[in-house]
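As provided, final-v1.csv (CSV, C-alpha atoms) reads as follows.
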```
chain,number,residue,atom,x,y,z
O,1,MET,CA,42.4,73.9,114.9
O,2,GLY,CA,43.6,70.4,115.0
O,3,GLU,CA,47.2,71.6,114.9
O,4,VAL,CA,46.7,73.6,118.0
O,5,VAL,CA,45.3,70.7,119.9
O,6,VAL,CA,48.2,68.5,118.8
O,7,ALA,CA,50.8,71.1,119.7
O,8,ARG,CA,49.2,71.6,123.2
O,9,ILE,CA,49.1,67.8,123.8
O,10,LEU,CA,52.7,67.6,122.7
O,11,PHE,CA,53.7,70.4,125.0
O,12,LEU,CA,51.9,68.9,128.0
O,13,ALA,CA,53.5,65.5,127.4
O,14,ILE,CA,57.0,67.0,127.1
O,15,ALA,CA,56.5,69.2,130.1
O,16,ALA,CA,55.2,66.3,132.2
O,17,LEU,CA,58.2,64.2,131.2
O,18,GLY,CA,60.6,67.0,131.9
O,19,LEU,CA,59.1,67.6,135.4
O,20,LEU,CA,59.2,63.9,136.2
O,21,ALA,CA,62.8,63.8,135.1
O,22,ALA,CA,63.6,66.8,137.3
O,23,LEU,CA,61.9,65.2,140.2
O,24,GLY,CA,63.9,62.0,139.5
O,25,THR,CA,67.1,64.0,139.5
O,26,VAL,CA,66.3,65.6,142.9
O,27,LEU,CA,64.9,62.5,144.6
O,28,SER,CA,66.7,59.4,143.4
O,29,ARG,CA,69.2,58.0,145.8
O,30,ASN,CA,71.6,56.6,143.3
O,31,LEU,CA,73.6,59.4,141.8
O,32,VAL,CA,74.1,57.7,138.5
O,33,HIS,CA,70.3,57.4,138.2
O,34,ALA,CA,70.0,61.1,139.1
O,35,ALA,CA,72.5,62.0,136.3
O,36,LEU,CA,70.5,59.9,133.8
O,37,HIS,CA,67.3,61.7,134.8
O,38,LEU,CA,69.1,64.9,134.4
O,39,VAL,CA,69.9,63.9,130.8
O,40,GLY,CA,66.2,63.3,130.3
O,41,PHE,CA,65.4,66.7,131.6
O,42,PHE,CA,67.9,68.4,129.3
O,43,PHE,CA,66.4,66.6,126.4
O,44,CYS,CA,62.9,67.7,127.3
O,45,VAL,CA,64.1,71.3,127.6
O,46,ALA,CA,65.7,70.9,124.1
O,47,CYS,CA,62.2,69.7,122.8
O,48,LEU,CA,60.7,72.8,124.3
O,49,PHE,CA,63.2,75.0,122.5
O,50,VAL,CA,62.1,73.3,119.3
O,51,MET,CA,58.5,74.1,120.1
O,52,LEU,CA,59.6,77.7,120.6
O,53,GLU,CA,61.1,77.6,117.1
O,54,ALA,CA,64.7,78.0,118.4
O,55,GLU,CA,66.1,74.8,116.7
O,56,PHE,CA,69.7,76.1,116.8
O,57,LEU,CA,69.4,76.6,120.6
O,58,ALA,CA,68.0,73.1,120.9
O,59,ALA,CA,71.0,71.7,119.1
O,60,VAL,CA,73.4,73.7,121.3
O,61,GLN,CA,71.5,72.4,124.3
O,62,VAL,CA,71.9,68.8,123.3
O,63,LEU,CA,75.6,69.3,122.4
O,64,ILE,CA,76.7,71.2,125.4
O,65,TYR,CA,74.4,69.9,128.2
O,66,ILE,CA,74.0,66.3,127.2
O,67,GLY,CA,77.3,65.9,125.4
O,68,ALA,CA,79.6,67.8,127.8
O,69,VAL,CA,78.0,68.8,131.1
O,70,ALA,CA,76.2,65.5,131.8
O,71,ILE,CA,79.3,63.5,130.9
O,72,LEU,CA,81.4,65.8,133.1
O,73,LEU,CA,79.0,65.2,136.0
O,74,MET,CA,79.2,61.5,135.4
O,75,PHE,CA,82.9,61.6,135.6
O,76,GLY,CA,82.6,63.5,138.8
O,77,ILE,CA,80.3,60.9,140.2
O,78,MET,CA,82.6,58.1,139.2
O,79,LEU,CA,85.7,59.8,140.6
O,80,THR,CA,84.1,60.6,144.0
O,81,ARG,CA,82.3,57.3,144.5
O,82,ASN,CA,81.9,57.1,148.2
O,83,THR,CA,83.6,53.9,149.5
O,84,ARG,CA,81.8,54.0,152.8
O,85,GLY,CA,78.3,53.3,151.4
O,86,ASP,CA,75.8,55.6,149.9
O,87,ASP,CA,74.9,57.6,152.9
O,88,ALA,CA,76.3,60.8,151.4
O,89,THR,CA,73.7,60.6,148.6
O,90,SER,CA,70.7,60.4,150.8
O,91,LEU,CA,68.5,63.3,151.6
O,92,SER,CA,69.2,65.1,154.9
O,93,GLY,CA,66.6,64.3,157.5
O,94,PRO,CA,65.9,67.4,159.7
O,95,TRP,CA,66.0,69.8,156.7
O,96,ARG,CA,63.6,67.9,154.6
O,97,LEU,CA,60.4,69.7,155.6
O,98,PRO,CA,61.8,73.3,155.5
O,99,GLY,CA,63.4,72.5,152.1
O,100,LEU,CA,60.1,71.3,150.7
O,101,VAL,CA,58.2,74.2,152.2
O,102,ALA,CA,60.7,76.7,150.6
O,103,GLY,CA,60.3,75.0,147.2
O,104,LEU,CA,56.5,75.1,147.4
O,105,CYS,CA,56.5,78.7,148.6
O,106,LEU,CA,58.7,79.7,145.7
O,107,PHE,CA,56.5,77.9,143.2
O,108,GLY,CA,53.4,79.6,144.7
O,109,ALA,CA,55.0,83.0,144.5
O,110,LEU,CA,56.0,82.4,140.8
O,111,VAL,CA,52.6,81.2,139.9
O,112,PHE,CA,51.0,84.2,141.6
O,113,GLY,CA,53.4,86.4,139.6
O,114,ILE,CA,52.5,84.7,136.3
O,115,ASN,CA,48.8,84.9,137.0
O,116,ASN,CA,48.8,88.5,138.2
O,117,ALA,CA,51.4,90.0,135.9
O,118,VAL,CA,51.3,93.8,135.6
O,119,SER,CA,52.6,95.0,132.3
O,120,PRO,CA,54.7,98.2,132.1
O,121,SER,CA,52.6,101.3,131.3
O,122,GLY,CA,51.8,101.6,127.7
O,123,ALA,CA,52.3,98.0,126.8
O,124,SER,CA,49.6,95.4,126.5
O,125,PRO,CA,49.4,92.8,129.3
O,126,TRP,CA,51.2,89.7,128.2
O,127,ALA,CA,49.7,87.0,130.4
O,128,GLY,CA,46.5,86.7,128.4
O,129,GLU,CA,48.3,86.8,125.1
O,130,ALA,CA,47.9,83.4,123.6
O,131,ALA,CA,49.3,83.6,120.1
O,132,ARG,CA,53.0,84.2,119.3
O,133,PRO,CA,53.7,86.8,116.7
O,134,SER,CA,53.2,85.3,113.2
O,135,LEU,CA,56.1,84.5,111.0
O,136,VAL,CA,54.1,84.6,107.8
O,137,GLU,CA,55.1,87.4,105.5
O,138,ARG,CA,52.4,90.0,105.0
O,139,GLU,CA,51.9,93.6,104.0
O,140,GLY,CA,52.6,96.4,106.4
O,141,GLU,CA,54.3,94.3,109.0
O,142,PRO,CA,56.7,96.1,111.4
O,143,ALA,CA,60.4,95.9,110.7
O,144,TRP,CA,61.1,93.6,113.6
O,145,ALA,CA,58.8,91.0,112.2
O,146,ALA,CA,60.9,90.6,109.0
O,147,GLU,CA,64.1,90.5,111.2
O,148,ARG,CA,62.6,87.8,113.4
O,149,ARG,CA,61.4,85.7,110.5
O,150,ARG,CA,65.0,85.8,109.1
O,151,ALA,CA,66.3,84.9,112.5
O,152,VAL,CA,64.0,82.0,113.0
O,153,GLU,CA,64.6,80.6,109.5
O,154,ASP,CA,68.4,81.0,109.6
O,155,MET,CA,69.2,81.1,113.2
O,156,GLY,CA,72.8,79.8,113.1
O,157,ARG,CA,73.8,82.6,110.7
O,158,VAL,CA,72.0,85.3,112.5
O,159,VAL,CA,73.4,84.2,115.8
O,160,GLY,CA,76.9,84.4,114.3
O,161,GLU,CA,76.3,87.8,112.9
O,162,GLU,CA,74.9,89.1,116.1
O,163,PHE,CA,77.8,87.8,118.2
O,164,LEU,CA,80.3,89.5,115.9
O,165,THR,CA,78.5,92.8,115.7
O,166,ARG,CA,76.0,93.8,118.4
O,167,TYR,CA,77.2,91.4,121.1
O,168,ALA,CA,80.9,91.4,120.3
O,169,MET,CA,81.9,92.5,123.8
O,170,ALA,CA,79.7,89.7,125.4
O,171,PHE,CA,81.3,87.2,123.0
O,172,GLU,CA,84.8,88.2,124.0
O,173,LEU,CA,83.9,88.1,127.7
O,174,ALA,CA,82.4,84.6,127.2
O,175,GLY,CA,85.6,83.5,125.6
O,176,LEU,CA,87.7,85.0,128.4
O,177,LEU,CA,85.4,83.3,130.9
O,178,LEU,CA,85.8,79.9,129.2
O,179,THR,CA,89.6,80.3,129.1
O,180,ALA,CA,89.7,81.3,132.8
O,181,ALA,CA,87.5,78.3,133.6
O,182,LEU,CA,89.7,75.9,131.7
O,183,VAL,CA,92.9,77.2,133.4
O,184,GLY,CA,91.2,77.2,136.7
O,185,ALA,CA,89.8,73.7,136.4
O,186,VAL,CA,93.2,72.4,135.4
O,187,ALA,CA,94.9,74.2,138.2
O,188,LEU,CA,92.4,73.0,140.8
O,189,ALA,CA,92.3,69.4,139.7
O,190,HIS,CA,95.9,69.0,138.9
O,191,ARG,CA,97.6,66.7,141.3
O,192,ASP,CA,100.8,68.2,142.6
O,193,GLU,CA,102.8,65.4,144.1
O,194,VAL,CA,105.2,67.6,146.1
O,195,GLY,CA,102.4,69.8,147.4
O,196,ALA,CA,100.3,66.8,148.3
O,197,ALA,CA,103.0,65.4,150.5
O,198,GLU,CA,103.2,68.6,152.4
O,199,LEU,CA,99.5,68.8,153.2
O,200,PRO,CA,98.6,68.2,156.8
O,201,PRO,CA,97.0,64.8,157.4
O,202,THR,CA,93.4,65.8,157.2
O,203,VAL,CA,91.9,62.4,157.2
O,204,GLU,CA,92.3,61.7,160.9
O,205,ALA,CA,88.6,62.5,161.5
O,206,LEU,CA,87.6,59.6,159.3
O,207,PRO,CA,87.1,56.0,160.4
O,208,ALA,CA,90.3,54.1,160.0
O,209,ASP,CA,88.7,51.5,157.7
O,210,SER,CA,88.0,54.0,154.9
O,211,ALA,CA,89.5,52.4,151.9
O,212,GLU,CA,91.6,54.2,149.4
O,213,PRO,CA,89.1,56.2,147.2
O,214,VAL,CA,88.7,55.3,143.6
O,215,GLY,CA,89.8,58.8,142.4
O,216,THR,CA,93.2,58.7,144.0
O,217,ALA,CA,93.7,55.1,143.0
O,218,ALA,CA,93.0,55.7,139.4
O,219,SER,CA,95.1,58.8,139.0
D,1,MET,CA,51.0,79.6,112.1
D,2,ALA,CA,48.1,78.4,114.2
D,3,ASN,CA,50.5,77.1,116.8
D,4,ASP,CA,49.5,79.0,119.9
D,5,ILE,CA,50.4,77.3,123.1
D,6,PRO,CA,49.8,80.0,125.8
D,7,LEU,CA,52.9,81.8,127.0
D,8,SER,CA,52.0,81.1,130.5
D,9,TRP,CA,52.3,77.3,130.0
D,10,PHE,CA,56.0,77.7,129.4
D,11,LEU,CA,56.3,80.0,132.4
D,12,TYR,CA,54.5,77.5,134.6
D,13,PHE,CA,56.8,74.7,133.4
D,14,ALA,CA,59.9,76.9,134.1
D,15,ALA,CA,58.5,77.8,137.5
D,16,ALA,CA,57.9,74.2,138.5
D,17,ALA,CA,61.4,73.2,137.2
D,18,PHE,CA,63.0,76.0,139.1
D,19,ALA,CA,61.2,75.1,142.3
D,20,THR,CA,62.3,71.5,141.9
D,21,GLY,CA,65.9,72.6,141.4
D,22,LEU,CA,65.7,74.8,144.5
D,23,VAL,CA,64.4,71.8,146.6
D,24,GLY,CA,67.3,69.8,145.2
D,25,VAL,CA,69.8,72.4,146.2
D,26,LEU,CA,68.4,72.6,149.7
D,27,LEU,CA,67.8,68.8,150.3
D,28,ARG,CA,70.7,67.0,148.7
D,29,ARG,CA,73.9,66.6,150.7
D,30,ASN,CA,76.1,65.3,147.9
D,31,ALA,CA,77.9,68.1,146.3
D,32,ILE,CA,77.5,66.7,142.8
D,33,ALA,CA,73.8,66.4,143.3
D,34,VAL,CA,73.7,70.0,144.3
D,35,LEU,CA,75.5,70.9,141.1
D,36,MET,CA,72.9,69.0,139.1
D,37,ALA,CA,70.1,70.8,140.8
D,38,ILE,CA,71.7,74.1,139.9
D,39,GLU,CA,71.8,73.0,136.3
D,40,ILE,CA,68.0,72.4,136.5
D,41,MET,CA,67.5,75.9,137.7
D,42,LEU,CA,69.6,77.4,134.9
D,43,ASN,CA,67.7,75.5,132.3
D,44,ALA,CA,64.4,76.7,133.7
D,45,ALA,CA,65.6,80.2,133.4
D,46,ASN,CA,66.6,79.5,129.8
D,47,VAL,CA,63.1,78.3,128.9
D,48,ASN,CA,61.7,81.6,130.2
D,49,LEU,CA,64.2,83.6,128.2
D,50,VAL,CA,63.4,81.8,124.9
D,51,ALA,CA,59.7,81.9,125.6
D,52,PHE,CA,59.7,85.6,126.1
D,53,TRP,CA,61.8,86.1,123.1
D,54,ARG,CA,59.4,84.2,120.9
D,55,TYR,CA,56.1,85.6,122.3
D,56,GLY,CA,57.0,89.2,123.0
D,57,THR,CA,57.5,92.2,120.7
D,58,PRO,CA,61.1,93.3,120.9
D,59,ALA,CA,62.2,96.7,122.2
D,60,PRO,CA,63.3,99.1,119.5
D,61,GLY,CA,66.9,98.5,118.7
D,62,ALA,CA,67.1,95.2,120.5
D,63,GLY,CA,68.0,93.1,117.5
D,64,PRO,CA,66.4,90.0,116.1
D,65,LEU,CA,67.1,87.5,118.9
D,66,PRO,CA,68.1,89.0,122.3
D,67,GLY,CA,66.6,86.2,124.4
D,68,VAL,CA,68.4,83.5,122.4
D,69,ILE,CA,71.7,85.3,122.7
D,70,LEU,CA,71.3,85.6,126.5
D,71,ALA,CA,70.3,81.9,126.7
D,72,LEU,CA,73.5,81.0,124.8
D,73,LEU,CA,75.6,83.1,127.3
D,74,VAL,CA,73.8,81.4,130.2
D,75,ILE,CA,74.7,78.0,128.7
D,76,THR,CA,78.4,79.2,128.4
D,77,VAL,CA,78.5,80.3,132.0
D,78,ALA,CA,76.8,77.0,133.1
D,79,ALA,CA,79.4,75.0,131.3
D,80,ALA,CA,82.3,77.0,132.9
D,81,GLU,CA,80.6,76.7,136.3
D,82,VAL,CA,80.3,72.9,136.0
D,83,ALA,CA,84.0,72.5,135.0
D,84,VAL,CA,85.2,74.6,137.9
D,85,GLY,CA,82.7,73.1,140.3
D,86,ILE,CA,83.8,69.5,139.5
D,87,GLY,CA,87.4,70.5,139.9
D,88,LEU,CA,86.6,72.0,143.3
D,89,ILE,CA,84.6,69.0,144.4
D,90,LEU,CA,87.4,66.6,143.4
D,91,LEU,CA,89.9,68.8,145.3
D,92,CYS,CA,87.6,68.7,148.4
D,93,TYR,CA,87.1,65.0,148.0
D,94,ARG,CA,90.8,64.4,147.8
D,95,ARG,CA,91.3,66.4,151.0
D,96,TRP,CA,88.4,65.3,153.2
D,97,ARG,CA,87.6,62.0,151.5
D,98,ALA,CA,83.9,63.0,151.4
D,99,VAL,CA,81.6,64.6,148.9
D,100,ASP,CA,79.1,65.4,151.6
D,101,VAL,CA,78.6,69.2,151.8
D,102,ASP,CA,77.8,68.9,155.5
D,103,ARG,CA,81.3,67.7,156.2
D,104,TYR,CA,83.1,70.6,154.6
D,105,GLU,CA,83.1,72.4,157.9
D,106,THR,CA,86.6,73.8,158.2
D,107,MET,CA,85.5,77.4,158.2
D,108,SER,CA,82.5,76.9,160.5
D,109,GLY,CA,83.2,78.6,163.9
```
Take the structure in the file and write it out as structure tokens.
Amino acid sequence: MGEVVVARILFLAIAALGLLAALGTVLSRNLVHAALHLVGFFFCVACLFVMLEAEFLAAVQVLIYIGAVAILLMFGIMLTRNTRGDDATSLSGPWRLPGLVAGLCLFGALVFGINNAVSPSGASPWAGEAARPSLVEREGEPAWAAERRRAVEDMGRVVGEEFLTRYAMAFELAGLLLTAALVGAVALAHRDEVGAAELPPTVEALPADSAEPVGTAAS
Amino acid sequence: MANDIPLSWFLYFAAAAFATGLVGVLLRRNAIAVLMAIEIMLNAANVNLVAFWRYGTPAPGAGPLPGVILALLVITVAAAEVAVGIGLILLCYRRWRAVDVDRYETMSG
């Protein structure tokens, strides 16, 4: 019984920290602070994956999100640092109330759905179900229980096997998508000196004192 | 395995995080902040996927970890999206000298 209380307290603490970090990402005016809050949120989600016994996914989350995505966002922030003050990072005034109302309405609708979930016919309702399926080996368990126990205990290996057998097509498509994204990102961000000279002068709408941005100066 | 946090707690967390991300997408004007809010929403969806994988009984023939595989694919797509998104934002910044999404108004009638 004590373990359950500890697990619940741990969950509540991690969830509260994660939500605070998410709010910090959305609300903080300084973009670098927002990115650091985002790292905290990613880490809290990784902790929740550990509590759901998907440790491999938690490791992938830390590696990809914190190690790659957050750093990429940080680079983007640094390269597009607004030289005319921080006004572009502030929240937009007239749309503040409708945005908050939309978020609260969405949250209310989701909570309503979670509370009043209707299960498909023939299945037991899932909302009241408190305990996750046990991983302890026992007599007469269904076949999927043994499969899942192996998957939880050796998730890296099972993920590899699944990706190369059952989900081979999805794996190939993910590789194709990553290749296309790589080529696309390089093609977009590549600075073509000849093409840049032919671009129409689109900066005439700006105040004349706008300094040379950091991104162009650095590249 | 006496570890029984109710499934709905994970769902409430994911719902709250998703709503926060939506508010961020609607309220922020900086394009990179909008991208960050989209990442929050994708992560909330991932929490739901893994929670349903762990708590539910799988459909026959679904394999041992369908939810985890889908979450991995979502992570892949999110990484690709961020790479292309940052490239686009840098391009727009180079062209208009602004990262404010309200100022990208070339196509507005």
Review point. Counting all atoms listed in the file, which residues of chain D come no farther than 6 Å from chain O, as a ChimeraX atom specification?
Key: /D:3-6,19,23-24,26-28,30,55,64,80,84,87,100
**Study point:** Between CA of Val68 (chain D) and CA of Val25 (chain D) - distance in Å to one decimal
**Key:**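 If I compute the distance from CA of Val25 (chain D) to CA of Val68 (chain D), I get 26.3 Å.
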Review point. Counting all atoms listed in the file, what is within 12 Å of Asn48 (chain D), bar same-chain residues fewer than 5 positions away, as a list in words?
Key: Val45, Leu48, Phe49, Leu52 and Ile114 of chain O; Leu7, Ser8, Trp9, Phe10, Leu11, Tyr12, Phe13, Ala14, Ala15, Ala16, Ala17, Phe18, Met41, Leu42, Asn43, Trp53, Arg54, Tyr55, Gly56, Gly67, Val68, Leu70 and Ala71 of chain D
Review point. Suppose you want the space between CA of Val39 (chain O) and CA of Ile86 (chain D); what is it in Å?
Key: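 If I compute the distance from CA of Val39 (chain O) to CA of Ile86 (chain D), I get 17.3 Å.
Omitting Ile89 (chain D) and its sequence neighbours fewer than 6 positions away, and counting all atoms listed in the file, the residues within 8 Å are Ala31, Ile32 and Val99 of chain D.
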How about saving the chosen residues, C-alpha atoms kept, as a PDB file, keeping the file's coordinate frame?
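And here's out.pdb as it stands now:
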```pdb
ATOM      1  CA  ALA D  31      77.900  68.100 146.300  1.00  0.00           C
ATOM      2  CA  ILE D  32      77.500  66.700 142.800  1.00  0.00           C
ATOM      3  CA  VAL D  99      81.600  64.600 148.900  1.00  0.00           C
TER       4      VAL D  99
END
```
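Taking CA of Met107 (chain D) and CA of Glu81 (chain D) as the two end points, the separation is 22.5 Å.
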